[in-house]
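Everything below belongs to protein35.csv, which stores CSV, C-alpha atoms.
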chain,number,residue,atom,x,y,z
U,3,MET,CA,166.3,191.3,155.8
U,4,ASN,CA,162.9,189.6,156.2
U,5,ALA,CA,160.7,188.2,153.4
U,6,LEU,CA,159.2,191.6,152.6
U,7,GLY,CA,162.6,193.3,152.6
U,8,SER,CA,163.4,196.9,153.7
U,9,THR,CA,160.6,199.4,153.5
U,10,LEU,CA,163.1,201.7,151.8
U,11,ILE,CA,163.3,199.6,148.6
U,12,PHE,CA,159.9,199.1,147.0
U,13,ALA,CA,161.2,199.2,143.4
U,14,ALA,CA,164.5,199.5,141.7
U,15,VAL,CA,164.7,200.9,138.2
U,16,LEU,CA,167.6,199.5,136.2
U,17,THR,CA,169.1,201.4,133.3
U,18,LEU,CA,172.5,199.9,132.4
U,19,GLY,CA,175.3,202.2,131.3
U,20,ASN,CA,178.0,201.6,128.7
U,21,PHE,CA,180.5,199.1,129.9
U,22,ALA,CA,183.2,199.6,127.3
U,23,GLY,CA,185.6,197.2,129.0
U,24,VAL,CA,186.7,195.7,132.2
U,25,ASN,CA,190.4,195.6,133.1
U,26,SER,CA,192.7,195.5,136.1
U,27,ALA,CA,191.2,198.7,137.4
U,28,TRP,CA,188.5,196.5,139.0
U,29,ALA,CA,191.0,194.4,140.8
U,30,ASP,CA,192.9,197.5,141.9
U,31,ASN,CA,189.6,199.1,143.3
U,32,GLN,CA,190.1,202.1,141.0
U,33,MET,CA,186.6,202.1,139.7
U,34,PRO,CA,184.3,204.8,141.2
U,35,PRO,CA,181.9,203.6,143.9
U,36,ILE,CA,178.4,202.6,143.0
U,37,THR,CA,176.0,205.5,143.3
U,38,GLY,CA,172.4,206.1,142.3
U,39,ASP,CA,169.6,208.7,142.3
U,40,TRP,CA,166.7,208.0,144.7
U,41,GLY,CA,163.2,208.9,143.7
U,42,GLU,CA,160.1,208.9,145.7
U,43,ASP,CA,159.9,205.2,145.8
U,44,THR,CA,162.6,204.1,143.2
U,45,VAL,CA,166.3,204.1,142.7
U,46,ASP,CA,167.9,204.8,139.3
U,47,VAL,CA,171.2,203.0,138.8
U,48,GLY,CA,173.8,203.7,136.1
U,49,GLY,CA,177.2,202.1,135.3
U,50,TRP,CA,180.8,202.8,134.4
U,51,SER,CA,182.2,204.1,131.2
U,52,ILE,CA,185.7,205.0,130.1
U,53,ASP,CA,186.7,208.7,129.8
U,54,PRO,CA,188.2,209.0,126.2
U,55,SER,CA,190.6,211.7,127.3
U,56,SER,CA,192.1,210.1,130.4
U,57,GLY,CA,191.3,206.4,129.8
U,58,ALA,CA,190.1,206.2,133.4
U,59,PHE,CA,186.8,204.6,134.6
U,60,VAL,CA,184.2,207.3,135.4
U,61,TRP,CA,180.7,207.0,136.6
U,62,ALA,CA,178.1,207.0,133.9
U,63,VAL,CA,175.1,209.1,134.9
U,64,PRO,CA,171.9,207.3,135.5
U,65,GLY,CA,169.8,207.1,132.4
U,66,ALA,CA,172.7,206.3,130.1
U,67,LEU,CA,171.6,204.3,127.0
U,68,SER,CA,172.4,200.6,126.6
U,69,ASP,CA,172.0,198.1,123.8
U,70,ASP,CA,168.9,196.7,125.4
U,71,PRO,CA,165.7,198.2,124.1
U,72,ASN,CA,164.1,197.8,127.5
U,73,GLN,CA,164.5,199.1,131.0
U,74,TYR,CA,163.7,196.9,133.9
U,75,LYS,CA,162.6,197.2,137.5
U,76,TYR,CA,161.8,194.8,140.3
U,77,GLU,CA,159.2,195.1,143.0
U,78,LEU,CA,158.6,193.2,146.1
U,79,GLN,CA,156.3,190.2,145.5
U,80,CYS,CA,152.7,191.1,146.5
U,81,HIS,CA,153.5,194.9,146.5
U,82,LEU,CA,150.6,197.1,145.4
U,83,GLY,CA,152.3,200.4,145.7
U,84,GLY,CA,153.0,202.8,148.6
U,85,GLY,CA,153.0,200.8,151.7
U,86,ASP,CA,150.2,198.4,150.7
U,87,PHE,CA,150.5,194.7,149.9
U,88,ASP,CA,148.1,192.1,148.5
U,89,ALA,CA,146.9,190.1,151.6
U,90,GLU,CA,146.0,187.0,149.7
U,91,CYS,CA,149.4,187.0,147.9
U,92,LEU,CA,151.2,187.4,151.2
U,93,ALA,CA,149.9,184.0,152.3
U,94,THR,CA,151.8,182.3,149.4
U,95,VAL,CA,154.8,184.7,149.2
U,96,MET,CA,158.0,183.0,148.1
U,97,GLU,CA,160.5,182.2,150.8
U,98,CYS,CA,164.0,183.4,150.2
U,99,LYS,CA,166.0,181.7,152.9
U,100,ASN,CA,169.5,180.5,153.2
U,101,GLY,CA,170.9,182.2,150.1
U,102,PRO,CA,174.6,182.6,149.2
U,103,GLY,CA,176.6,183.0,152.4
U,104,GLY,CA,173.5,181.8,154.4
U,105,LYS,CA,171.8,185.2,153.9
U,106,ASP,CA,168.1,185.7,153.4
U,107,GLY,CA,166.9,187.5,150.3
U,108,ILE,CA,163.8,189.3,149.1
U,109,PRO,CA,161.1,187.9,146.7
U,110,VAL,CA,160.7,190.1,143.7
U,111,THR,CA,158.8,190.3,140.4
U,112,TRP,CA,160.4,191.8,137.3
U,113,PHE,CA,158.8,194.4,135.0
U,114,LYS,CA,159.9,195.9,131.7
U,115,ALA,CA,159.2,199.1,129.7
U,116,PRO,CA,160.7,200.7,126.6
U,117,ALA,CA,164.2,202.2,127.5
U,118,GLY,CA,164.5,205.9,127.7
U,119,VAL,CA,160.7,206.6,128.3
U,120,PRO,CA,160.1,208.7,131.4
U,121,ASN,CA,157.3,207.5,133.7
U,122,PRO,CA,156.6,204.5,131.4
U,123,VAL,CA,153.8,202.0,131.6
U,124,TRP,CA,155.4,198.9,133.1
U,125,SER,CA,154.4,195.3,132.0
U,126,TYR,CA,155.2,192.0,133.6
U,127,HIS,CA,158.4,190.3,132.5
U,128,SER,CA,159.2,187.4,134.9
U,129,GLY,CA,159.1,186.2,138.4
U,130,PRO,CA,158.6,185.9,141.3
U,131,THR,CA,162.3,185.1,142.0
U,132,CYS,CA,164.6,185.6,144.9
U,133,LEU,CA,167.2,188.4,145.0
U,134,PHE,CA,170.0,187.8,147.5
U,135,ASP,CA,172.1,190.8,148.3
U,136,ALA,CA,172.5,193.3,151.1
U,137,ARG,CA,172.5,196.1,148.5
U,138,PRO,CA,170.0,195.0,145.8
U,139,GLU,CA,169.8,198.5,144.3
U,140,ASP,CA,173.3,198.2,142.9
U,141,LEU,CA,173.8,194.5,142.6
U,142,LEU,CA,173.1,194.3,138.9
U,143,PRO,CA,175.5,197.2,137.9
U,144,ARG,CA,178.3,195.5,139.9
U,145,ILE,CA,177.7,192.3,138.0
U,146,ALA,CA,177.4,194.1,134.7
U,147,ALA,CA,180.8,195.7,135.2
U,148,MET,CA,182.3,192.1,135.5
U,149,ILE,CA,180.2,190.1,133.1
U,150,GLN,CA,182.2,190.8,129.9
U,151,ALA,CA,185.4,189.5,131.4
U,152,GLU,CA,183.6,186.5,133.0
U,153,PHE,CA,182.0,185.7,129.6
U,154,ARG,CA,185.4,185.4,127.9
U,155,LYS,CA,186.6,183.0,130.6
U,156,LEU,CA,183.8,180.5,130.0
U,157,PRO,CA,184.7,177.0,128.5
U,158,ILE,CA,182.7,177.7,125.3
U,159,ALA,CA,183.2,175.1,122.6
U,160,ALA,CA,184.4,177.0,119.5
U,161,GLY,CA,182.9,174.5,117.1
U,162,ARG,CA,184.3,172.0,114.6
U,163,VAL,CA,185.7,172.8,111.2
U,164,THR,CA,185.2,170.2,108.4
U,165,ALA,CA,186.8,170.1,104.9
U,166,GLN,CA,185.5,168.5,101.8
U,167,PRO,CA,187.3,166.5,100.6
U,168,SER,CA,189.3,165.6,103.7
U,169,PRO,CA,191.9,164.7,104.9
U,170,HIS,CA,193.3,165.0,101.4
U,171,THR,CA,192.4,167.6,98.9
U,172,LEU,CA,193.8,168.8,95.5
U,173,ARG,CA,196.0,171.8,94.7
U,174,GLY,CA,194.2,174.2,92.5
U,175,ALA,CA,190.7,172.9,93.4
U,176,GLU,CA,188.0,174.4,95.6
U,177,THR,CA,188.1,172.8,99.1
U,178,ASN,CA,184.8,173.4,100.9
U,179,PHE,CA,185.1,174.3,104.6
U,180,PHE,CA,182.2,174.7,106.9
U,181,ALA,CA,181.7,175.2,110.7
U,182,GLU,CA,179.5,173.5,113.2
U,183,ALA,CA,179.0,175.5,116.3
U,184,ALA,CA,176.0,175.5,118.7
U,185,GLU,CA,174.4,177.8,121.2
U,186,GLN,CA,175.5,177.0,124.7
U,187,GLN,CA,174.3,177.8,128.2
U,188,PHE,CA,176.2,178.1,131.5
U,189,ASP,CA,175.3,178.7,135.1
U,190,ILE,CA,178.0,180.5,137.1
U,191,LYS,CA,178.3,182.5,140.3
U,192,ILE,CA,179.3,186.2,140.3
U,193,LEU,CA,179.3,188.1,143.6
U,194,ALA,CA,177.7,185.0,145.1
U,195,GLN,CA,174.7,185.4,142.8
U,196,ALA,CA,173.3,182.8,140.4
U,197,VAL,CA,174.0,184.0,136.8
U,198,HIS,CA,172.7,182.2,133.8
U,199,VAL,CA,174.6,182.8,130.5
U,200,ASP,CA,173.5,182.1,126.9
U,201,ALA,CA,176.2,182.2,124.3
U,202,LYS,CA,175.2,182.2,120.6
U,203,PRO,CA,177.6,181.9,117.6
U,204,VAL,CA,177.3,184.8,115.3
U,205,GLN,CA,180.5,185.1,113.1
U,206,TYR,CA,183.3,182.8,111.9
U,207,THR,CA,186.9,183.2,110.7
U,208,TRP,CA,188.9,180.5,109.0
U,209,ASN,CA,192.7,180.6,109.0
U,210,TYR,CA,193.6,178.2,106.1
U,211,GLY,CA,197.2,177.6,107.2
U,212,ASP,CA,198.8,178.9,104.0
U,213,GLY,CA,198.9,182.6,105.0
U,214,THR,CA,195.4,183.3,103.9
U,215,SER,CA,192.2,183.7,106.0
U,216,LEU,CA,188.5,184.4,105.5
U,217,GLY,CA,186.2,186.4,107.9
U,218,PRO,CA,184.9,187.3,110.2
U,219,GLN,CA,181.6,186.6,108.4
U,220,SER,CA,178.2,185.5,109.5
U,221,SER,CA,178.0,182.5,107.1
U,222,ALA,CA,179.1,179.2,108.7
U,223,GLY,CA,179.0,177.4,105.3
U,224,GLY,CA,177.6,173.9,104.9
U,225,PRO,CA,178.3,170.5,103.6
U,226,LEU,CA,178.1,169.5,99.9
U,227,PRO,CA,177.1,166.1,98.5
U,228,GLN,CA,180.1,164.3,97.2
U,229,ASP,CA,179.2,164.7,93.6
U,230,ARG,CA,179.5,168.5,94.0
U,231,TRP,CA,182.9,168.5,95.7
U,232,GLY,CA,185.1,171.1,94.0
U,233,GLU,CA,182.4,173.7,93.6
U,234,LYS,CA,183.0,177.2,94.9
U,235,THR,CA,181.1,178.1,98.1
U,236,THR,CA,181.0,181.1,100.5
U,237,THR,CA,183.7,179.4,102.7
U,238,SER,CA,185.7,177.4,100.2
U,239,HIS,CA,189.4,177.9,99.5
U,240,ILE,CA,192.0,177.1,96.7
U,241,TYR,CA,195.4,176.0,97.8
U,242,THR,CA,198.1,176.9,95.3
U,243,GLN,CA,200.9,174.7,96.9
U,244,THR,CA,201.1,171.1,98.0
U,245,GLY,CA,201.8,170.2,101.6
U,246,ASP,CA,200.2,169.8,105.0
U,247,PHE,CA,198.3,172.8,106.3
U,248,SER,CA,196.8,173.5,109.8
U,249,VAL,CA,193.3,175.0,109.5
U,250,THR,CA,191.9,176.9,112.5
U,251,LEU,CA,188.4,178.1,113.1
U,252,THR,CA,187.6,181.1,115.3
U,253,THR,CA,184.0,181.5,116.3
U,254,TYR,CA,182.6,184.8,117.7
U,255,PHE,CA,179.9,184.4,120.3
U,256,GLN,CA,177.4,187.0,121.6
U,257,GLY,CA,175.8,186.5,125.0
U,258,THR,CA,173.0,187.4,127.3
U,259,TYR,CA,172.9,186.9,131.1
U,260,SER,CA,170.3,186.9,133.8
U,261,VAL,CA,170.7,187.2,137.5
U,262,ASN,CA,168.8,185.1,140.0
U,263,GLY,CA,166.1,184.3,137.3
U,264,GLY,CA,165.7,188.0,136.3
U,265,PRO,CA,165.4,189.4,132.8
U,266,PRO,CA,168.0,188.6,130.1
U,267,LEU,CA,170.5,191.4,129.6
U,268,PRO,CA,173.0,191.8,126.7
U,269,ILE,CA,176.7,191.1,127.3
U,270,PRO,CA,178.7,193.9,125.6
U,271,GLY,CA,181.0,192.9,122.8
U,272,GLU,CA,181.8,189.4,121.6
U,273,GLY,CA,183.9,186.5,122.9
U,274,GLN,CA,186.3,184.8,120.5
U,275,PHE,CA,187.0,181.1,120.8
U,276,SER,CA,189.3,179.0,118.5
U,277,SER,CA,189.0,175.4,117.7
U,278,PRO,CA,192.0,173.0,117.7
U,279,PRO,CA,193.9,173.0,114.4
U,280,GLN,CA,192.9,170.5,111.8
U,281,THR,CA,195.5,169.2,109.3
U,282,VAL,CA,194.6,169.2,105.6
U,283,SER,CA,197.0,167.5,103.1
U,284,VAL,CA,197.1,169.1,99.7
U,285,TRP,CA,198.1,166.9,96.8
U,286,ARG,CA,198.7,167.6,93.1
U,287,SER,CA,196.9,165.7,90.4
U,288,ILE,CA,198.6,164.2,87.4
U,289,THR,CA,196.9,162.9,84.3
U,290,ARG,CA,198.5,160.0,82.3
U,291,ASN,CA,197.3,157.9,79.4
U,292,TYR,CA,198.0,154.2,79.4
U,293,ALA,CA,197.7,151.6,76.6
U,294,ASP,CA,196.6,148.9,79.0
U,295,ASP,CA,194.6,148.4,82.2
U,296,CYS,CA,195.5,146.9,85.6
U,297,LEU,CA,194.4,143.4,84.4
U,298,GLN,CA,196.9,143.5,81.6
U,299,ASN,CA,199.6,145.3,83.6
U,300,PRO,CA,199.1,144.9,87.4
U,301,GLU,CA,202.3,146.9,88.0
U,302,GLY,CA,201.1,149.9,86.0
U,303,GLN,CA,200.9,153.3,87.5
U,304,GLY,CA,197.9,153.7,89.8
U,305,CYS,CA,197.2,149.9,90.0
U,306,PRO,CA,197.2,148.0,93.3
U,307,GLY,CA,200.8,147.0,94.1
U,308,SER,CA,202.3,149.8,92.0
U,309,PRO,CA,204.7,152.3,93.7
U,310,PRO,CA,202.8,155.2,95.4
U,311,ALA,CA,202.5,158.3,93.4
U,312,SER,CA,204.3,161.4,94.6
U,313,ARG,CA,202.5,164.5,95.7
Write-out of the structure in structure tokens:
Amino acid sequence: MNALGSTLIFAAVLTLGNFAGVNSAWADNQMPPITGDWGEDTVDVGGWSIDPSSGAFVWAVPGALSDDPNQYKYELQCHLGGGDFDAECLATVMECKNGPGGKDGIPVTWFKAPAGVPNPVWSYHSGPTCLFDARPEDLLPRIAAMIQAEFRKLPIAAGRVTAQPSPHTLRGAETNFFAEAAEQQFDIKILAQAVHVDAKPVQYTWNYGDGTSLGPQSSAGGPLPQDRWGEKTTTSHIYTQTGDFSVTLTTYFQGTYSVNGGPPLPIPGEGQFSSPPQTVSVWRSITRNYADDCLQNPEGQGCPGSPPASR
């Protein structure tokens, strides 16, 4: 394929189908083959869905709705429509040489329009960028069928859980927990294509280690100044027993991905990632009245050098 690509592919219109899940059927080659409907100068591509009656993968017809409010198409850089190209643009056309596997690609520009609108007015989205594939008209549906499983394999940091007070807290008191998780980015390869992934934390679940949990919920909580420790918060917890408890935070991430610098597309579902357990020691408080202080009685309860109080 030269820099201008095949004259058969001037524009590819992408409408992603519903990818309800990716399982071993992909590895077993049980998914139906990629197909599409060719128009006068476009190709509509769909996706796979799961037949609710059989549980098998079936081809989703082109035009199936997705979570993305837009539809996208790419056109060859410098393409003016029909068989015409911009002569001045051709002098500076992007070279797409030596791509994955040593193959040459095609320079394309991405356009967007509202999803589901027939014969829409297209507007510029991004590019030019290179598209490396022998079958560019079905490259994105093949990657979309795999992206959810690949997303869940990423080394996404689940975030850190903090307790106030910590590492010791009191039985019967509010212990404030909050999460610190950040948006993360990854660059990976799928089908020898460059795929950029953005992962954003959206929900949190705390397992407090005593048989109770909270979430998933959108609030990550937040720190309190020390003089407010013990206040109830949206993520605080009261322990009713003393002991050591392992607290685990599970963070739910949503993601988007783009292929070879193309438009960002939503990743179906969410990925769940858990932080290493953090131990919180729960103590009981005892109030005693004393007739003297530590200066008068250095061995008194609670004074330096006195026997340690029990939990």
Check which residues of range 154-232 of chain U sit at most 10 Å from range 89-103 of chain U using only C-alpha atoms, and return one row each with the closest pair of atoms and their distance in Å to one decimal, ordered by chain and rising number, as a tab-separated table.
residue	atom	partner	partner_atom	distance
U:Lys191	CA	U:Pro102	CA	9.6
U:Leu193	CA	U:Pro102	CA	9.1
U:Ala194	CA	U:Pro102	CA	5.7
U:Gln195	CA	U:Pro102	CA	7.0
U:Ala196	CA	U:Pro102	CA	8.9
Generate the output file for the selected residues, C-alpha atoms, as a PDB file, in the coordinates of the input.
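Here's the written file result_5.pdb:
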ATOM      1  CA  LYS U 191     178.300 182.500 140.300  1.00  0.00           C
ATOM      2  CA  LEU U 193     179.300 188.100 143.600  1.00  0.00           C
ATOM      3  CA  ALA U 194     177.700 185.000 145.100  1.00  0.00           C
ATOM      4  CA  GLN U 195     174.700 185.400 142.800  1.00  0.00           C
ATOM      5  CA  ALA U 196     173.300 182.800 140.400  1.00  0.00           C
TER       6      ALA U 196
END
Figure out the distance between CA of Gly161 in chain U and CA of Phe180 in chain U, please, to one decimal in Å.
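CA of Gly161 in chain U lies at a distance of 10.2 Å from CA of Phe180 in chain U.
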Could you jot down the CA of Pro116 in chain U to CA of Pro71 in chain U separation for me, Å, one decimal place?
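Computing it gives 6.1 Å between the two atoms.
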| said: Restricting the calculation to only C-alpha atoms: of U:Gly264, U:Glu182, U:His239, U:Asp294, which residue gets closest to Tyr126 in chain U? | reply: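 Of the candidates, the smallest distance to Tyr126 in chain U is held by U:Gly264.
Between Ala183 in chain U and the candidates U:Phe87, U:Tyr254, U:Trp112, U:Tyr210, the tightest atom-to-atom separation, counting all atoms listed in the file, involves U:Tyr254.
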(message) Can you pull out the residues contacting range 236-238 of chain U? Cut-off 6 Å, using only C-alpha atoms, and skip same-chain residues under 5 positions away; I want them as a ChimeraX atom specification.
(response) /U:176-179,223
From CA of Ile158 in chain U to CA of Phe188 in chain U the spacing works out at 9.0 Å
Which residues, written as a JSON list (two decimals) with C-alpha atoms, in the coordinates of the input, have at least one atom at most 10 Å from Gln205 in chain U, with only C-alpha atoms counted and residues fewer than 5 positions away on the same chain left out?
[["chain", "number", "residue", "atom", "x", "y", "z"],
["U", 217, "GLY", "CA", 186.20, 186.40, 107.90],
["U", 218, "PRO", "CA", 184.90, 187.30, 110.20],
["U", 219, "GLN", "CA", 181.60, 186.60, 108.40],
["U", 220, "SER", "CA", 178.20, 185.50, 109.50],
["U", 221, "SER", "CA", 178.00, 182.50, 107.10],
["U", 222, "ALA", "CA", 179.10, 179.20, 108.70],
["U", 252, "THR", "CA", 187.60, 181.10, 115.30],
["U", 253, "THR", "CA", 184.00, 181.50, 116.30],
["U", 254, "TYR", "CA", 182.60, 184.80, 117.70],
["U", 255, "PHE", "CA", 179.90, 184.40, 120.30],
["U", 256, "GLN", "CA", 177.40, 187.00, 121.60],
["U", 272, "GLU", "CA", 181.80, 189.40, 121.60],
["U", 274, "GLN", "CA", 186.30, 184.80, 120.50]]
Which one is closest to Thr235 in chain U: U:Ile190, U:Ser248, U:Gln166, U:Ala201? Count only C-alpha atoms.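 Smallest distance to Thr235 in chain U is found for U:Gln166.
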